[in-house]
Amino acid sequence: MRARKTGHKQRGISFIGLLFVAIVLACVGVVVAQVIPTLIEYQAITKAAGKATAGSTVPEVRAIFDRAQAIDDFQSVSGKDLDIKKDGDKVVVSFAYDREIHLFGPAYLLLKYRGQSR
């Protein structure tokens, strides 16, 4: 009996394709690793803004926020950067800041964070 030839081609990824996918995943991983700390910092700032609403005057709100800043150790926003308003009998603390992450050469990733207390 003769062996029949089948027209099946090999399937899979070539070494060059695998290398390309690995490089892309590594680059994405490096960027994500640099973005995650800024997200954690944003959460800490939001939490500090929420705590600061316990104050009734602007200096008191800023002082509460600055104490929370010293505890959580973030540098992007301080008490003087806050926008403090009264909504009825409720204090609303707003903040906004930008973070730049250097990618390569002249390329940067700009993250714009904005938030307020609830």
# chains A, B, ... in the order shown; residues from 1 in each chain; ligands from 1
call {"tool": "select_by_dssp", "arguments": {"residues": "chain A", "states": "strand (DSSP E or B)", "output": "ChimeraX atom specification"}}
result
/A:83-87,90-104,107-116
call {"tool": "residues_around", "arguments": {"residues": "stretch 24-30 of chain A", "least_positions_apart": "5", "cutoff": "12 Å", "atoms": "only C-alpha atoms", "output": "PyMOL selection string"}}
result
chain A and resi 17-19+35-36+101-104
call {"tool": "write_last_selection", "arguments": {"atoms": "C-alpha atoms", "output": "mmCIF file, in the first residue's frame"}}
result
data_model
loop_
_atom_site.group_PDB
_atom_site.id
_atom_site.type_symbol
_atom_site.label_atom_id
_atom_site.label_comp_id
_atom_site.auth_asym_id
_atom_site.auth_seq_id
_atom_site.Cartn_x
_atom_site.Cartn_y
_atom_site.Cartn_z
ATOM 1 C CA GLY A 17 6.315 35.749 15.326
ATOM 2 C CA LEU A 18 6.881 34.487 18.866
ATOM 3 C CA LEU A 19 9.705 36.975 19.349
ATOM 4 C CA VAL A 35 0.912 53.103 35.588
ATOM 5 C CA ILE A 36 -0.180 50.942 38.550
ATOM 6 C CA ILE A 101 5.504 58.648 32.423
ATOM 7 C CA HIS A 102 8.579 58.618 30.206
ATOM 8 C CA LEU A 103 8.299 55.863 27.616
ATOM 9 C CA PHE A 104 11.329 56.283 25.322
#
call {"tool": "select_by_dssp", "arguments": {"residues": "stretch 27-104 of chain A", "states": "alpha helix (DSSP H)", "output": "PyMOL selection string"}}
result
chain A and resi 27-52+58-72
call {"tool": "closest_atom_pairs", "arguments": {"of": "stretch 15-56 of chain A", "to": "stretch 87-92 of chain A", "cutoff": "9 Å", "atoms": "only C-alpha atoms", "output": "CSV"}}
result
residue,atom,partner,partner_atom,distance
A:Ala49,CA,A:Val92,CA,8.6
A:Gly50,CA,A:Val92,CA,8.6
A:Ala52,CA,A:Val91,CA,8.7
A:Thr53,CA,A:Val91,CA,5.4
A:Ala54,CA,A:Val91,CA,7.9
A:Gly55,CA,A:Val91,CA,7.8
A:Ser56,CA,A:Val91,CA,7.3
call {"tool": "write_last_selection", "arguments": {"atoms": "N, CA, C and O atoms", "output": "tab-separated table (two decimals), in the first residue's frame"}}
result
chain	number	residue	atom	x	y	z
A	49	ALA	N	-9.16	62.91	50.37
A	49	ALA	CA	-10.16	63.95	50.10
A	49	ALA	C	-11.46	63.61	50.82
A	49	ALA	O	-12.15	64.50	51.33
A	50	GLY	N	-11.81	62.34	50.87
A	50	GLY	CA	-13.01	61.92	51.60
A	50	GLY	C	-12.89	62.19	53.09
A	50	GLY	O	-13.84	62.62	53.73
A	52	ALA	N	-11.05	64.52	54.40
A	52	ALA	CA	-10.97	65.96	54.60
A	52	ALA	C	-12.34	66.62	54.68
A	52	ALA	O	-12.46	67.73	55.19
A	53	THR	N	-13.39	65.96	54.20
A	53	THR	CA	-14.72	66.55	54.26
A	53	THR	C	-15.25	66.64	55.68
A	53	THR	O	-16.27	67.28	55.91
A	54	ALA	N	-14.55	66.04	56.62
A	54	ALA	CA	-14.96	66.14	58.02
A	54	ALA	C	-14.73	67.54	58.58
A	54	ALA	O	-15.35	67.92	59.57
A	55	GLY	N	-13.86	68.31	57.93
A	55	GLY	CA	-13.61	69.67	58.39
A	55	GLY	C	-14.74	70.60	58.01
A	55	GLY	O	-15.47	70.37	57.05
A	56	SER	N	-14.87	71.67	58.78
A	56	SER	CA	-15.96	72.62	58.52
A	56	SER	C	-15.46	73.93	57.91
A	56	SER	O	-16.22	74.65	57.28
call {"tool": "closest_residue", "arguments": {"among": "A:Val93, A:Ala22, A:Val32, A:Ile84", "to": "A:Lys51", "atoms": "only C-alpha atoms"}}
result
A:Val93
call {"tool": "decode", "arguments": {"residues": "stretch 3-48 of chain A", "atoms": "C-alpha atoms", "output": "PDB file, in the first residue's frame"}}
result
ATOM      1  CA  ALA A   3       1.121   6.222   1.746  1.00  0.00           C
ATOM      2  CA  ARG A   4      -1.211   8.984   0.737  1.00  0.00           C
ATOM      3  CA  LYS A   5       0.048  12.500   0.690  1.00  0.00           C
ATOM      4  CA  THR A   6      -2.038  14.835   2.693  1.00  0.00           C
ATOM      5  CA  GLY A   7      -2.078  18.542   2.001  1.00  0.00           C
ATOM      6  CA  HIS A   8      -2.010  19.606   5.639  1.00  0.00           C
ATOM      7  CA  LYS A   9       0.265  22.507   6.435  1.00  0.00           C
ATOM      8  CA  GLN A  10       1.844  22.937   9.789  1.00  0.00           C
ATOM      9  CA  ARG A  11       0.063  25.330  12.060  1.00  0.00           C
ATOM     10  CA  GLY A  12       1.528  27.463  14.769  1.00  0.00           C
ATOM     11  CA  ILE A  13       3.645  30.508  15.275  1.00  0.00           C
ATOM     12  CA  SER A  14       7.122  30.977  13.868  1.00  0.00           C
ATOM     13  CA  PHE A  15      10.078  31.939  16.004  1.00  0.00           C
ATOM     14  CA  ILE A  16      10.041  35.467  14.570  1.00  0.00           C
ATOM     15  CA  GLY A  17       6.315  35.749  15.326  1.00  0.00           C
ATOM     16  CA  LEU A  18       6.881  34.487  18.866  1.00  0.00           C
ATOM     17  CA  LEU A  19       9.705  36.975  19.349  1.00  0.00           C
ATOM     18  CA  PHE A  20       7.519  39.839  18.087  1.00  0.00           C
ATOM     19  CA  VAL A  21       4.659  38.881  20.430  1.00  0.00           C
ATOM     20  CA  ALA A  22       7.086  38.612  23.368  1.00  0.00           C
ATOM     21  CA  ILE A  23       8.529  42.082  22.661  1.00  0.00           C
ATOM     22  CA  VAL A  24       5.063  43.659  22.421  1.00  0.00           C
ATOM     23  CA  LEU A  25       3.940  41.982  25.667  1.00  0.00           C
ATOM     24  CA  ALA A  26       7.127  43.086  27.427  1.00  0.00           C
ATOM     25  CA  CYS A  27       6.607  46.714  26.345  1.00  0.00           C
ATOM     26  CA  VAL A  28       2.976  46.663  27.490  1.00  0.00           C
ATOM     27  CA  GLY A  29       4.065  45.085  30.785  1.00  0.00           C
ATOM     28  CA  VAL A  30       6.628  47.832  31.418  1.00  0.00           C
ATOM     29  CA  VAL A  31       4.030  50.561  30.802  1.00  0.00           C
ATOM     30  CA  VAL A  32       1.446  48.834  33.037  1.00  0.00           C
ATOM     31  CA  ALA A  33       4.071  48.452  35.770  1.00  0.00           C
ATOM     32  CA  GLN A  34       4.631  52.220  35.659  1.00  0.00           C
ATOM     33  CA  VAL A  35       0.912  53.103  35.588  1.00  0.00           C
ATOM     34  CA  ILE A  36      -0.180  50.942  38.550  1.00  0.00           C
ATOM     35  CA  PRO A  37       1.622  53.054  41.214  1.00  0.00           C
ATOM     36  CA  THR A  38      -0.121  56.180  39.889  1.00  0.00           C
ATOM     37  CA  LEU A  39      -3.501  54.444  40.227  1.00  0.00           C
ATOM     38  CA  ILE A  40      -2.680  53.469  43.817  1.00  0.00           C
ATOM     39  CA  GLU A  41      -1.664  57.066  44.517  1.00  0.00           C
ATOM     40  CA  TYR A  42      -4.949  58.316  42.999  1.00  0.00           C
ATOM     41  CA  GLN A  43      -6.902  56.010  45.323  1.00  0.00           C
ATOM     42  CA  ALA A  44      -4.948  57.326  48.325  1.00  0.00           C
ATOM     43  CA  ILE A  45      -5.653  60.935  47.293  1.00  0.00           C
ATOM     44  CA  THR A  46      -9.361  60.180  46.832  1.00  0.00           C
ATOM     45  CA  LYS A  47      -9.448  58.571  50.280  1.00  0.00           C
ATOM     46  CA  ALA A  48      -7.686  61.596  51.809  1.00  0.00           C
TER      47      ALA A  48
END
